[in-house]
>>> print(open('structure_10.csv').read())   # CSV, C-alpha atoms and all ligand atoms
chain,number,residue,atom,x,y,z
A,176,MET,CA,18.2,262.9,65.7
A,177,SER,CA,17.6,259.4,66.7
A,178,PRO,CA,20.8,257.8,68.0
A,179,ALA,CA,22.5,254.9,66.3
A,180,ARG,CA,22.4,251.7,68.3
A,181,ILE,CA,26.0,250.7,68.8
A,182,ALA,CA,27.9,247.9,70.6
A,183,VAL,CA,31.6,247.7,71.3
A,184,VAL,CA,33.6,244.4,71.0
A,185,GLY,CA,36.8,244.4,73.0
A,186,ALA,CA,36.8,246.2,76.4
A,187,GLY,CA,40.5,246.9,76.4
A,188,TRP,CA,43.0,249.8,76.3
A,189,TRP,CA,41.8,251.5,73.2
A,190,SER,CA,38.1,251.1,73.7
A,191,ALA,CA,38.1,252.0,77.3
A,192,ASN,CA,40.1,255.2,76.8
A,193,HIS,CA,38.6,256.3,73.4
A,194,HIS,CA,35.7,254.6,71.7
A,195,LEU,CA,33.5,254.0,74.8
A,196,PRO,CA,33.8,257.5,76.4
A,197,SER,CA,33.4,259.1,72.9
A,198,LEU,CA,30.1,257.2,72.2
A,199,ALA,CA,28.8,257.5,75.8
A,200,GLN,CA,29.1,261.3,75.5
A,201,TYR,CA,27.6,261.6,72.0
A,202,ASP,CA,23.9,262.3,71.4
A,203,GLY,CA,24.1,260.5,68.0
A,204,ALA,CA,24.8,257.1,69.6
A,205,ALA,CA,23.2,254.8,72.1
A,206,LEU,CA,25.6,252.3,73.6
A,207,VAL,CA,23.6,249.1,73.7
A,208,ALA,CA,26.2,246.4,74.7
A,209,VAL,CA,29.8,245.6,75.4
A,210,CYS,CA,31.4,242.3,74.5
A,211,ASP,CA,34.6,240.8,75.9
A,212,PRO,CA,35.5,237.2,76.8
A,213,VAL,CA,37.0,238.7,80.0
A,214,ARG,CA,33.6,239.4,81.6
A,215,GLU,CA,35.0,241.6,84.5
A,216,ARG,CA,36.6,244.0,82.0
A,217,ALA,CA,33.3,244.3,80.0
A,218,GLU,CA,31.3,244.7,83.3
A,219,GLU,CA,33.7,247.4,84.5
A,220,VAL,CA,33.5,249.6,81.3
A,221,ALA,CA,29.7,249.0,81.1
A,222,THR,CA,29.3,250.3,84.6
A,223,ASP,CA,31.6,253.3,83.8
A,224,HIS,CA,29.5,254.3,80.8
A,225,ASP,CA,26.0,253.1,81.6
A,226,VAL,CA,25.9,250.4,79.0
A,227,PRO,CA,22.9,248.1,79.6
A,228,GLU,CA,24.1,244.8,78.2
A,229,VAL,CA,27.3,242.8,78.8
A,230,VAL,CA,28.1,239.7,76.8
A,231,THR,CA,31.2,237.5,76.4
A,232,ASP,CA,30.4,236.2,72.9
A,233,VAL,CA,29.8,238.1,69.6
A,234,GLU,CA,26.9,235.7,68.8
A,235,ASP,CA,25.0,237.2,71.7
A,236,LEU,CA,25.1,240.6,70.0
A,237,LEU,CA,23.2,239.5,66.9
A,238,GLY,CA,19.7,239.7,68.3
A,239,LEU,CA,20.1,243.3,69.7
A,240,ARG,CA,18.9,245.2,66.6
A,241,LEU,CA,22.2,247.0,66.3
A,242,ASP,CA,23.0,249.6,63.7
A,243,GLY,CA,26.8,249.1,64.1
A,244,VAL,CA,29.6,247.4,66.1
A,245,VAL,CA,33.0,248.8,66.9
A,246,VAL,CA,35.6,246.1,67.0
A,247,ALA,CA,38.8,246.8,69.0
A,248,THR,CA,40.3,243.4,69.7
A,249,PRO,CA,43.7,241.8,68.9
A,250,HIS,CA,44.7,241.9,65.3
A,251,ASP,CA,44.4,238.2,64.6
A,252,THR,CA,40.7,238.2,65.8
A,253,HIS,CA,39.5,241.0,63.5
A,254,HIS,CA,38.6,238.8,60.5
A,255,ALA,CA,36.4,236.3,62.4
A,256,ILE,CA,34.6,238.9,64.5
A,257,ALA,CA,34.0,241.4,61.7
A,258,GLY,CA,33.0,238.7,59.3
A,259,ARG,CA,30.3,237.3,61.6
A,260,LEU,CA,28.8,240.8,62.1
A,261,LEU,CA,28.8,241.7,58.5
A,262,ASP,CA,27.1,238.5,57.5
A,263,ALA,CA,24.4,239.4,60.0
A,264,GLY,CA,23.9,242.7,58.1
A,265,ILE,CA,25.5,244.9,60.8
A,266,ALA,CA,27.9,247.7,59.9
A,267,VAL,CA,31.4,247.4,61.4
A,268,LEU,CA,34.1,249.8,62.4
A,269,VAL,CA,37.2,247.5,62.9
A,270,GLU,CA,40.4,248.8,64.4
A,271,LYS,CA,43.6,248.8,62.4
A,272,PRO,CA,44.9,246.7,60.8
A,273,LEU,CA,41.8,245.6,59.0
A,274,THR,CA,43.3,242.0,59.0
A,275,THR,CA,46.7,240.5,59.0
A,276,THR,CA,46.4,238.8,55.6
A,277,THR,CA,45.3,240.1,52.2
A,278,ALA,CA,42.9,237.2,51.7
A,279,ASP,CA,41.1,238.0,54.9
A,280,ALA,CA,41.0,241.7,54.1
A,281,VAL,CA,39.5,241.1,50.6
A,282,ASP,CA,37.0,238.6,52.2
A,283,LEU,CA,35.7,241.3,54.6
A,284,VAL,CA,35.4,243.9,51.8
A,285,ARG,CA,33.3,241.3,49.8
A,286,ARG,CA,31.2,240.4,52.8
A,287,ALA,CA,30.4,244.0,53.5
A,288,GLU,CA,29.5,244.6,49.9
A,289,ARG,CA,27.3,241.5,49.8
A,290,ALA,CA,25.5,242.6,53.0
A,291,GLY,CA,25.2,246.2,51.7
A,292,VAL,CA,26.6,247.6,55.0
A,293,PRO,CA,29.5,249.9,55.7
A,294,LEU,CA,32.9,248.6,56.7
A,295,ALA,CA,35.1,251.3,58.2
A,296,VAL,CA,38.6,251.0,59.8
A,297,GLY,CA,39.9,252.8,62.9
A,298,TYR,CA,42.6,254.8,61.1
A,299,THR,CA,42.3,257.8,63.5
A,300,ASP,CA,44.0,260.4,61.3
A,301,GLN,CA,41.8,259.7,58.3
A,302,TYR,CA,38.8,261.1,60.2
A,303,THR,CA,40.1,264.7,60.5
A,304,ALA,CA,39.0,267.6,58.2
A,305,THR,CA,42.6,268.2,57.3
A,306,SER,CA,43.0,264.7,55.8
A,307,ALA,CA,39.9,265.2,53.6
A,308,LEU,CA,41.6,268.4,52.3
A,309,VAL,CA,44.8,266.5,51.7
A,310,ARG,CA,43.0,263.8,49.7
A,311,ASN,CA,41.2,266.4,47.6
A,312,ALA,CA,44.5,268.2,46.9
A,313,VAL,CA,46.5,265.1,46.0
A,314,GLN,CA,43.7,263.8,43.7
A,315,GLY,CA,42.8,267.1,42.2
A,316,GLU,CA,45.6,269.7,42.4
A,317,ILE,CA,49.1,268.2,42.1
A,318,GLY,CA,48.9,266.7,38.7
A,319,GLU,CA,50.2,263.2,38.0
A,320,LEU,CA,51.5,261.5,41.2
A,321,VAL,CA,55.2,260.9,40.9
A,322,GLN,CA,56.5,260.0,44.3
A,323,VAL,CA,55.4,259.4,47.9
A,324,MET,CA,57.7,259.6,50.9
A,325,ALA,CA,56.1,258.4,54.1
A,326,GLU,CA,57.4,258.1,57.6
A,327,PHE,CA,55.7,256.8,60.8
A,328,SER,CA,58.1,256.6,63.8
A,329,SER,CA,56.8,255.8,67.2
A,330,SER,CA,57.9,254.4,70.6
A,331,THR,CA,56.4,251.0,70.3
A,332,ALA,CA,59.6,248.9,70.6
A,333,GLY,CA,59.2,248.6,74.4
A,334,LEU,CA,55.6,247.3,73.9
A,335,PHE,CA,56.8,244.6,71.6
A,336,ALA,CA,59.4,243.5,74.1
A,337,GLN,CA,56.8,243.4,76.9
A,338,ALA,CA,54.5,241.4,74.5
A,339,GLU,CA,57.2,238.7,74.3
A,340,ASP,CA,57.6,238.6,78.1
A,341,ALA,CA,53.8,238.2,78.4
A,342,GLU,CA,53.8,235.4,75.9
A,343,GLN,CA,56.7,233.7,77.7
A,344,ALA,CA,55.0,234.0,81.1
A,345,ALA,CA,51.8,232.5,79.6
A,346,GLY,CA,53.8,229.6,78.2
A,347,GLU,CA,55.3,229.0,81.6
A,348,GLY,CA,51.7,228.7,83.0
A,349,ALA,CA,51.5,232.1,84.7
A,350,GLU,CA,48.0,233.5,85.0
A,351,PRO,CA,47.2,236.0,82.1
A,352,ALA,CA,46.9,239.6,83.3
A,353,GLU,CA,43.1,239.4,83.1
A,354,ASP,CA,42.7,241.4,86.2
A,355,ALA,CA,44.5,244.3,84.7
A,356,GLU,CA,42.3,247.4,84.4
A,357,PRO,CA,40.5,247.7,81.1
A,358,GLU,CA,42.1,251.1,80.4
A,359,ASP,CA,45.7,249.7,80.9
A,360,GLN,CA,47.8,248.5,78.0
A,361,HIS,CA,47.7,244.7,77.6
A,362,PRO,CA,51.0,244.0,75.9
A,363,GLY,CA,50.2,240.4,75.0
A,364,THR,CA,47.9,241.7,72.4
A,365,TYR,CA,50.9,243.0,70.4
A,366,SER,CA,52.9,239.8,70.3
A,367,ALA,CA,54.1,238.3,67.0
A,368,ASP,CA,51.6,235.4,67.6
A,369,HIS,CA,48.7,237.8,67.6
A,370,GLY,CA,49.8,239.8,64.5
A,371,GLY,CA,51.8,242.4,66.4
A,372,GLY,CA,54.9,244.1,65.2
A,373,GLN,CA,55.6,247.6,63.8
A,374,ALA,CA,54.2,247.0,60.3
A,375,HIS,CA,50.7,245.7,61.4
A,376,THR,CA,50.6,248.0,64.4
A,377,GLN,CA,52.0,251.3,63.2
A,378,LEU,CA,53.2,251.4,59.5
A,379,THR,CA,49.6,250.4,58.7
A,380,HIS,CA,48.5,254.0,59.8
A,381,VAL,CA,50.6,255.7,57.2
A,382,MET,CA,50.1,253.0,54.5
A,383,GLY,CA,46.3,253.2,55.1
A,384,MET,CA,46.6,257.0,54.7
A,385,VAL,CA,48.6,256.8,51.5
A,386,CYS,CA,46.3,254.2,49.9
A,387,TRP,CA,43.2,256.3,50.8
A,388,VAL,CA,44.6,259.7,49.9
A,389,THR,CA,46.1,258.6,46.5
A,390,GLY,CA,43.3,256.2,45.7
A,391,ARG,CA,46.0,253.8,44.6
A,392,GLU,CA,47.1,250.3,45.3
A,393,VAL,CA,50.8,249.3,45.6
A,394,ALA,CA,52.0,246.9,42.8
A,395,GLU,CA,55.4,245.9,44.0
A,396,VAL,CA,57.5,246.1,47.2
A,397,ALA,CA,61.2,245.6,48.2
A,398,ALA,CA,61.7,245.8,51.9
A,399,MET,CA,64.1,245.4,54.8
A,400,VAL,CA,63.1,244.8,58.4
A,401,ASP,CA,65.1,244.7,61.7
A,402,GLN,CA,63.6,242.8,64.6
A,403,ARG,CA,66.2,244.0,67.1
A,404,GLY,CA,66.3,240.5,68.6
A,405,LEU,CA,62.6,240.2,69.0
A,406,GLU,CA,60.1,237.9,67.2
A,407,ALA,CA,58.3,240.8,65.5
A,408,ASP,CA,59.5,243.6,63.2
A,409,VAL,CA,60.6,246.8,64.9
A,410,ASP,CA,62.2,248.8,62.1
A,411,ASP,CA,60.7,248.6,58.6
A,412,ALA,CA,61.9,250.3,55.4
A,413,ALA,CA,60.3,249.7,51.9
A,414,VAL,CA,60.5,250.9,48.4
A,415,ILE,CA,57.2,250.7,46.7
A,416,ARG,CA,55.8,251.1,43.1
A,417,PHE,CA,52.2,252.0,42.7
A,418,LEU,CA,49.8,250.4,40.2
A,419,HIS,CA,49.1,253.0,37.4
A,420,GLY,CA,52.4,254.9,38.1
A,421,GLY,CA,54.4,256.5,40.8
A,422,ALA,CA,56.9,255.2,43.3
A,423,GLY,CA,57.7,255.8,46.9
A,424,VAL,CA,59.5,255.1,50.1
A,425,VAL,CA,57.8,254.1,53.4
A,426,THR,CA,59.7,253.8,56.7
A,427,SER,CA,58.5,253.0,60.2
A,428,THR,CA,60.4,252.4,63.4
A,429,GLY,CA,59.3,251.6,66.9
A,430,MET,CA,62.5,253.2,68.2
A,431,ALA,CA,61.4,256.8,68.4
A,432,GLY,CA,61.0,258.4,71.7
A,433,GLU,CA,61.7,261.5,73.8
A,434,ALA,CA,65.3,261.7,72.6
A,435,ASN,CA,64.7,261.5,68.8
A,436,GLY,CA,61.0,262.4,68.4
A,437,GLU,CA,58.1,260.8,66.8
A,438,ARG,CA,57.1,261.8,63.3
A,439,HIS,CA,54.1,260.9,61.1
A,440,HIS,CA,54.7,262.6,57.8
A,441,VAL,CA,53.8,262.0,54.2
A,442,ARG,CA,55.0,264.0,51.1
A,443,TYR,CA,53.0,263.5,47.9
A,444,LEU,CA,54.9,264.8,44.9
A,445,GLY,CA,53.1,265.4,41.6
A,446,THR,CA,53.9,266.9,38.3
A,447,ARG,CA,52.2,270.2,39.2
A,448,GLY,CA,52.8,270.5,42.9
A,449,THR,CA,53.4,268.7,46.3
A,450,VAL,CA,51.4,268.1,49.4
A,451,ASP,CA,53.2,267.8,52.8
A,452,GLN,CA,51.1,266.2,55.4
A,453,ASP,CA,52.0,266.2,59.1
A,454,MET,CA,49.6,263.5,60.5
A,455,LEU,CA,50.7,264.0,64.1
A,456,GLY,CA,50.2,267.8,64.0
A,457,ASP,CA,47.1,267.5,61.8
A,458,ARG,CA,48.5,270.1,59.4
A,459,ALA,CA,49.2,270.1,55.7
A,460,TRP,CA,50.5,272.4,53.0
A,461,LEU,CA,49.9,272.4,49.2
A,462,ARG,CA,52.8,273.9,47.3
A,463,ARG,CA,51.9,274.7,43.7
A,464,GLY,CA,54.2,274.9,40.7
A,465,ASP,CA,53.8,278.7,40.6
A,466,GLY,CA,55.5,278.9,44.0
A,467,SER,CA,52.4,279.6,46.1
A,468,THR,CA,51.7,277.7,49.3
A,469,VAL,CA,48.3,277.0,50.7
A,470,GLU,CA,47.8,275.7,54.2
A,471,LEU,CA,45.3,272.8,54.2
A,472,THR,CA,44.7,272.6,57.9
A,473,GLY,CA,41.0,271.7,58.5
A,474,GLY,CA,40.5,273.3,61.9
A,475,GLN,CA,40.4,272.1,65.5
A,476,GLU,CA,37.9,269.4,66.3
A,477,ASP,CA,35.8,269.9,69.5
A,478,VAL,CA,36.7,266.5,70.9
A,479,PRO,CA,40.0,264.6,71.0
A,480,ARG,CA,41.0,263.2,67.6
A,481,THR,CA,40.9,259.7,68.9
A,482,TRP,CA,37.2,260.1,69.6
A,483,LEU,CA,36.3,260.9,66.0
A,484,PRO,CA,36.1,257.4,64.5
A,485,ALA,CA,33.4,256.0,66.8
A,486,ARG,CA,31.2,259.1,66.4
A,487,ARG,CA,31.6,259.3,62.6
A,488,PHE,CA,30.9,255.6,62.4
A,489,ALA,CA,27.7,255.9,64.5
A,490,ASP,CA,26.6,258.6,62.0
A,491,LEU,CA,27.6,256.5,59.1
A,492,THR,CA,25.5,253.5,60.2
A,493,VAL,CA,22.3,255.6,60.0
A,494,GLY,CA,23.2,257.5,56.8
A,495,ARG,CA,24.3,260.8,58.4
A,496,ALA,CA,28.0,260.6,57.3
A,497,THR,CA,30.4,259.3,54.7
A,498,ASN,CA,33.1,256.8,55.3
A,499,PRO,CA,36.6,258.3,55.5
A,500,ALA,CA,38.4,255.0,56.2
A,501,PRO,CA,36.7,252.5,53.9
A,502,GLY,CA,37.6,248.8,54.0
A,503,ARG,CA,38.8,248.8,50.4
A,504,SER,CA,41.7,251.2,50.9
A,505,ALA,CA,42.5,249.5,54.2
A,506,ALA,CA,42.7,246.2,52.3
A,507,ALA,CA,45.2,247.8,49.9
A,508,ALA,CA,47.3,248.7,53.0
A,509,VAL,CA,47.1,245.2,54.3
A,510,ALA,CA,48.2,243.8,50.9
A,511,CYS,CA,51.2,246.2,50.8
A,512,ILE,CA,52.2,245.2,54.4
A,513,GLU,CA,51.9,241.5,53.6
A,514,ALA,CA,54.2,241.9,50.6
A,515,LEU,CA,56.6,244.1,52.7
A,516,LEU,CA,57.0,241.4,55.3
A,517,THR,CA,57.4,238.7,52.6
A,518,SER,CA,60.0,240.8,50.8
A,519,ALA,CA,62.0,241.3,54.0
A,520,GLU,CA,61.9,237.6,54.7
A,521,THR,CA,62.8,236.4,51.2
A,522,ARG,CA,65.0,239.3,50.2
A,523,GLN,CA,63.2,239.5,46.9
A,524,PHE,CA,61.0,242.1,45.2
A,525,VAL,CA,57.4,241.0,45.8
A,526,THR,CA,54.4,241.6,43.6
A,527,VAL,CA,51.4,242.8,45.7
A,528,SER,CA,48.2,240.9,45.4
A,529,ARG,CA,45.7,243.0,43.3
A,530,LEU,CA,42.4,243.7,44.9
A,531,PRO,CA,39.4,242.2,42.9
B,601,LIG,N1,43.6,253.7,66.1
B,601,LIG,C1,44.6,253.7,66.9
B,601,LIG,O1,45.4,254.7,66.9
B,601,LIG,C2,44.8,252.6,67.8
B,601,LIG,C3,45.6,252.7,69.0
B,601,LIG,C4,45.8,251.6,69.8
B,601,LIG,C5,45.2,250.4,69.5
B,601,LIG,N2,44.5,250.3,68.4
B,601,LIG,C6,43.9,249.0,68.0
B,601,LIG,O2,42.9,248.6,68.9
B,601,LIG,C7,42.8,247.2,68.9
B,601,LIG,C8,42.8,246.7,70.3
B,601,LIG,O3,44.0,247.1,70.9
B,601,LIG,P1,44.1,247.3,72.5
B,601,LIG,O4,45.4,247.9,72.8
B,601,LIG,O5,42.9,248.0,73.1
B,601,LIG,O6,44.1,245.8,73.0
B,601,LIG,P2,43.6,245.2,74.5
B,601,LIG,O7,44.3,243.9,74.6
B,601,LIG,O8,43.8,246.2,75.5
B,601,LIG,O9,42.1,245.0,74.3
B,601,LIG,C9,41.5,244.1,73.5
B,601,LIG,C10,40.3,243.4,74.1
B,601,LIG,O10,39.8,242.5,73.2
B,601,LIG,C11,39.3,241.4,74.0
B,601,LIG,N3,39.2,240.2,73.1
B,601,LIG,C12,40.1,239.3,72.7
B,601,LIG,N4,39.6,238.4,71.9
B,601,LIG,C13,38.3,238.7,71.8
B,601,LIG,C14,37.2,238.2,71.1
B,601,LIG,N5,37.3,237.1,70.3
B,601,LIG,N6,36.0,238.8,71.2
B,601,LIG,C15,35.8,239.9,71.9
B,601,LIG,N7,36.8,240.5,72.6
B,601,LIG,C16,38.0,239.9,72.5
B,601,LIG,C17,40.4,241.2,75.1
B,601,LIG,O11,39.9,240.4,76.2
B,601,LIG,C18,40.7,242.6,75.4
B,601,LIG,O12,40.0,243.1,76.5
B,601,LIG,C19,44.0,246.7,68.1
B,601,LIG,O13,43.5,246.4,66.8
B,601,LIG,C20,44.9,247.9,68.1
B,601,LIG,O14,45.8,247.9,67.0
B,601,LIG,C21,44.2,251.3,67.6
>>> encode(input="structure_10.csv", output="structure tokens")
Amino acid sequence: MSPARIAVVGAGWWSANHHLPSLAQYDGAALVAVCDPVRERAEEVATDHDVPEVVTDVEDLLGLRLDGVVVATPHDTHHAIAGRLLDAGIAVLVEKPLTTTTADAVDLVRRAERAGVPLAVGYTDQYTATSALVRNAVQGEIGELVQVMAEFSSSTAGLFAQAEDAEQAAGEGAEPAEDAEPEDQHPGTYSADHGGGQAHTQLTHVMGMVCWVTGREVAEVAAMVDQRGLEADVDDAAVIRFLHGGAGVVTSTGMAGEANGERHHVRYLGTRGTVDQDMLGDRAWLRRGDGSTVELTGGQEDVPRTWLPARRFADLTVGRATNPAPGRSAAAAVACIEALLTSAETRQFVTVSRLP
């Protein structure tokens, strides 16, 4: 097979540890270029993975005859970078969240449609065989969707606290940590100013999954958020109502850790059965109304799960794969999260913007 010509924008923690090694060791992809405004970071990862071209500006990628570009940059930069590439007719895999506003998310979906190229989102768990089975079961076997209960707990509170320290240090004129190794975490990326916080960073994973698995948009949200003294949200809890029926509860905290355990779990309850999905364990079960239970686990992948999105995307760009994390369901997740944060701030029920 001829390899897809792929570039990576953002030579930071996630790319350096996952997307770049995944693509570099995949016959279906040829890594053509790395782009990062911090040239030393881009040069370092290019050397590590034999990438021929290093650029510091996305514009410099446009003449390279690319099939696709992986974008793993701070949340508030996704819209501008992905939009530019889509307008140039290049397929894009953008990391989660697709964008930080609904208007920007809808705009990217439209631009991808106009250009006729795929827009995929880096929701890692949607790329597993188990998640495809979960989607089929929820849409085909459990009858009418009644309720969804979703939880995504993680240990991100410390990252958000470090993000504020990094912002404060920058405000006081300290040098940014540009000399940090590419594969280290760069907490400043997750500050409130860059669209950090638990909802955009973590709850987005489970909301993206719910929108994709159910094929539904959220119509209305009532939410509460605790910032734990920080500028961004750390604990989120929301009650949601879906368009076309069904309600649910979504929670996400950054306060999970060794003592209280992380959990990424969704329960889809229908009139004829339920599906329990353990996203972290990549396992799921369909319980039918007749009392029988079927395990939906799709089997072990031969590479780390975090390496799947870049490879599947490379295949997608040359027509060898389908898109398990399409821009449209990711945009539905963004719309829900925007409404969740507005609801928490205003203490009102919020109607979610409908996607066109
Ligand atoms: N799918 C997952 O499970 C997962 C996990 C971690 C991070 N992520 C996502 O990956 C993305 C990157 O996160 P990270 O932790 O690697 O951040 P990072 O700060 O380590 O890396 C981001 C890189 O982008 C570069 N950059 C900033 N602005 C740019 C621009 N305009 N053009 C090109 N490059 C630019 C920065 O210099 C930096 O090197 C975020 O969207 C994050 O949410 C996804």
>>> residues_near_ligand(input="structure_10.csv", ligand="ligand LIG 601 (chain B)", cutoff="6 Å", atoms="all atoms listed in the file", output="number ranges by chain")
A: 184-190, 210-213, 247-250, 252, 270-271, 297-299, 360-361, 364, 376
>>> closest_residue(input="structure_10.csv", among="A:Ala182, A:Val246, A:Ala459, A:Leu418", to="Val209 in chain A", atoms="only C-alpha atoms")
A:Ala182
>>> residues_around(input="structure_10.csv", residues="Arg180 in chain A", least_positions_apart="6", cutoff="10 Å", atoms="all atoms listed in the file", output="ChimeraX atom specification")
/A:203-208,239-244,489,492-493
>>> closest_residue(input="structure_10.csv", among="A:Asp453, A:Asp202, A:Glu228, A:Asp401", to="Met176 in chain A", atoms="all atoms listed in the file")
A:Asp202
>>> closest_residue(input="structure_10.csv", among="A:Gln337, A:Pro357, A:Ile181, A:Gly370", to="Arg214 in chain A", atoms="only C-alpha atoms")
A:Pro357
>>> atom_distance(input="structure_10.csv", atom1="CA of Val183 in chain A", atom2="CA of Leu195 in chain A")
7.5 Å
>>> closest_residue(input="structure_10.csv", among="A:Ala507, A:Gln314, A:Val425, A:Ala413", to="Arg522 in chain A", atoms="all atoms listed in the file")
A:Ala413
>>> closest_residue(input="structure_10.csv", among="A:Thr468, A:Gln200, A:Thr303, A:Ser427", to="Met382 in chain A", atoms="only C-alpha atoms")
A:Ser427
>>> atom_distance(input="structure_10.csv", atom1="CA of Tyr443 in chain A", atom2="CA of Val313 in chain A")
7.0 Å
>>> closest_residue(input="structure_10.csv", among="A:Glu358, A:Asp235, A:Glu326, A:Asp457", to="Asp223 in chain A", atoms="only C-alpha atoms")
A:Glu358
>>> build_atoms(input="structure_10.csv", residues="range 409-428 of chain A", atoms="N, CA and C atoms", output="PDB file, in the frame of the given file")
ATOM      1  N   VAL A 409      60.569 245.553  64.198  1.00  0.00           N
ATOM      2  CA  VAL A 409      60.600 246.800  64.900  1.00  0.00           C
ATOM      3  C   VAL A 409      60.905 247.991  63.999  1.00  0.00           C
ATOM      4  N   ASP A 410      61.832 247.783  63.048  1.00  0.00           N
ATOM      5  CA  ASP A 410      62.200 248.800  62.100  1.00  0.00           C
ATOM      6  C   ASP A 410      61.804 248.278  60.677  1.00  0.00           C
ATOM      7  N   ASP A 411      61.044 249.039  59.920  1.00  0.00           N
ATOM      8  CA  ASP A 411      60.700 248.600  58.600  1.00  0.00           C
ATOM      9  C   ASP A 411      61.053 249.721  57.577  1.00  0.00           C
ATOM     10  N   ALA A 412      61.584 249.321  56.438  1.00  0.00           N
ATOM     11  CA  ALA A 412      61.900 250.300  55.400  1.00  0.00           C
ATOM     12  C   ALA A 412      61.543 249.618  54.038  1.00  0.00           C
ATOM     13  N   ALA A 413      60.772 250.313  53.201  1.00  0.00           N
ATOM     14  CA  ALA A 413      60.300 249.700  51.900  1.00  0.00           C
ATOM     15  C   ALA A 413      60.374 250.693  50.793  1.00  0.00           C
ATOM     16  N   VAL A 414      60.702 250.175  49.632  1.00  0.00           N
ATOM     17  CA  VAL A 414      60.500 250.900  48.400  1.00  0.00           C
ATOM     18  C   VAL A 414      59.293 250.339  47.720  1.00  0.00           C
ATOM     19  N   ILE A 415      58.401 251.229  47.257  1.00  0.00           N
ATOM     20  CA  ILE A 415      57.200 250.700  46.700  1.00  0.00           C
ATOM     21  C   ILE A 415      56.959 251.307  45.261  1.00  0.00           C
ATOM     22  N   ARG A 416      56.247 250.559  44.440  1.00  0.00           N
ATOM     23  CA  ARG A 416      55.800 251.100  43.100  1.00  0.00           C
ATOM     24  C   ARG A 416      54.300 250.945  43.085  1.00  0.00           C
ATOM     25  N   PHE A 417      53.624 252.031  42.713  1.00  0.00           N
ATOM     26  CA  PHE A 417      52.200 252.000  42.700  1.00  0.00           C
ATOM     27  C   PHE A 417      51.678 251.396  41.351  1.00  0.00           C
ATOM     28  N   LEU A 418      50.499 250.792  41.427  1.00  0.00           N
ATOM     29  CA  LEU A 418      49.800 250.400  40.200  1.00  0.00           C
ATOM     30  C   LEU A 418      49.382 251.718  39.527  1.00  0.00           C
ATOM     31  N   HIS A 419      49.486 251.783  38.227  1.00  0.00           N
ATOM     32  CA  HIS A 419      49.100 253.000  37.400  1.00  0.00           C
ATOM     33  C   HIS A 419      50.114 254.143  37.654  1.00  0.00           C
ATOM     34  N   GLY A 420      51.352 253.848  38.099  1.00  0.00           N
ATOM     35  CA  GLY A 420      52.400 254.900  38.100  1.00  0.00           C
ATOM     36  C   GLY A 420      52.698 255.499  39.426  1.00  0.00           C
ATOM     37  N   GLY A 421      53.967 255.911  39.550  1.00  0.00           N
ATOM     38  CA  GLY A 421      54.400 256.500  40.800  1.00  0.00           C
ATOM     39  C   GLY A 421      55.165 255.509  41.657  1.00  0.00           C
ATOM     40  N   ALA A 422      56.144 256.021  42.392  1.00  0.00           N
ATOM     41  CA  ALA A 422      56.900 255.200  43.300  1.00  0.00           C
ATOM     42  C   ALA A 422      57.033 255.839  44.634  1.00  0.00           C
ATOM     43  N   GLY A 423      57.634 255.161  45.589  1.00  0.00           N
ATOM     44  CA  GLY A 423      57.700 255.800  46.900  1.00  0.00           C
ATOM     45  C   GLY A 423      58.597 255.040  47.873  1.00  0.00           C
ATOM     46  N   VAL A 424      58.751 255.654  49.027  1.00  0.00           N
ATOM     47  CA  VAL A 424      59.500 255.100  50.100  1.00  0.00           C
ATOM     48  C   VAL A 424      58.666 255.162  51.373  1.00  0.00           C
ATOM     49  N   VAL A 425      58.610 254.071  52.120  1.00  0.00           N
ATOM     50  CA  VAL A 425      57.800 254.100  53.400  1.00  0.00           C
ATOM     51  C   VAL A 425      58.744 253.538  54.476  1.00  0.00           C
ATOM     52  N   THR A 426      58.849 254.290  55.569  1.00  0.00           N
ATOM     53  CA  THR A 426      59.700 253.800  56.700  1.00  0.00           C
ATOM     54  C   THR A 426      58.832 253.908  57.983  1.00  0.00           C
ATOM     55  N   SER A 427      59.153 253.014  58.896  1.00  0.00           N
ATOM     56  CA  SER A 427      58.500 253.000  60.200  1.00  0.00           C
ATOM     57  C   SER A 427      59.385 252.375  61.208  1.00  0.00           C
ATOM     58  N   THR A 428      59.648 253.048  62.308  1.00  0.00           N
ATOM     59  CA  THR A 428      60.400 252.400  63.400  1.00  0.00           C
ATOM     60  C   THR A 428      59.689 252.566  64.695  1.00  0.00           C
TER      61      THR A 428
END
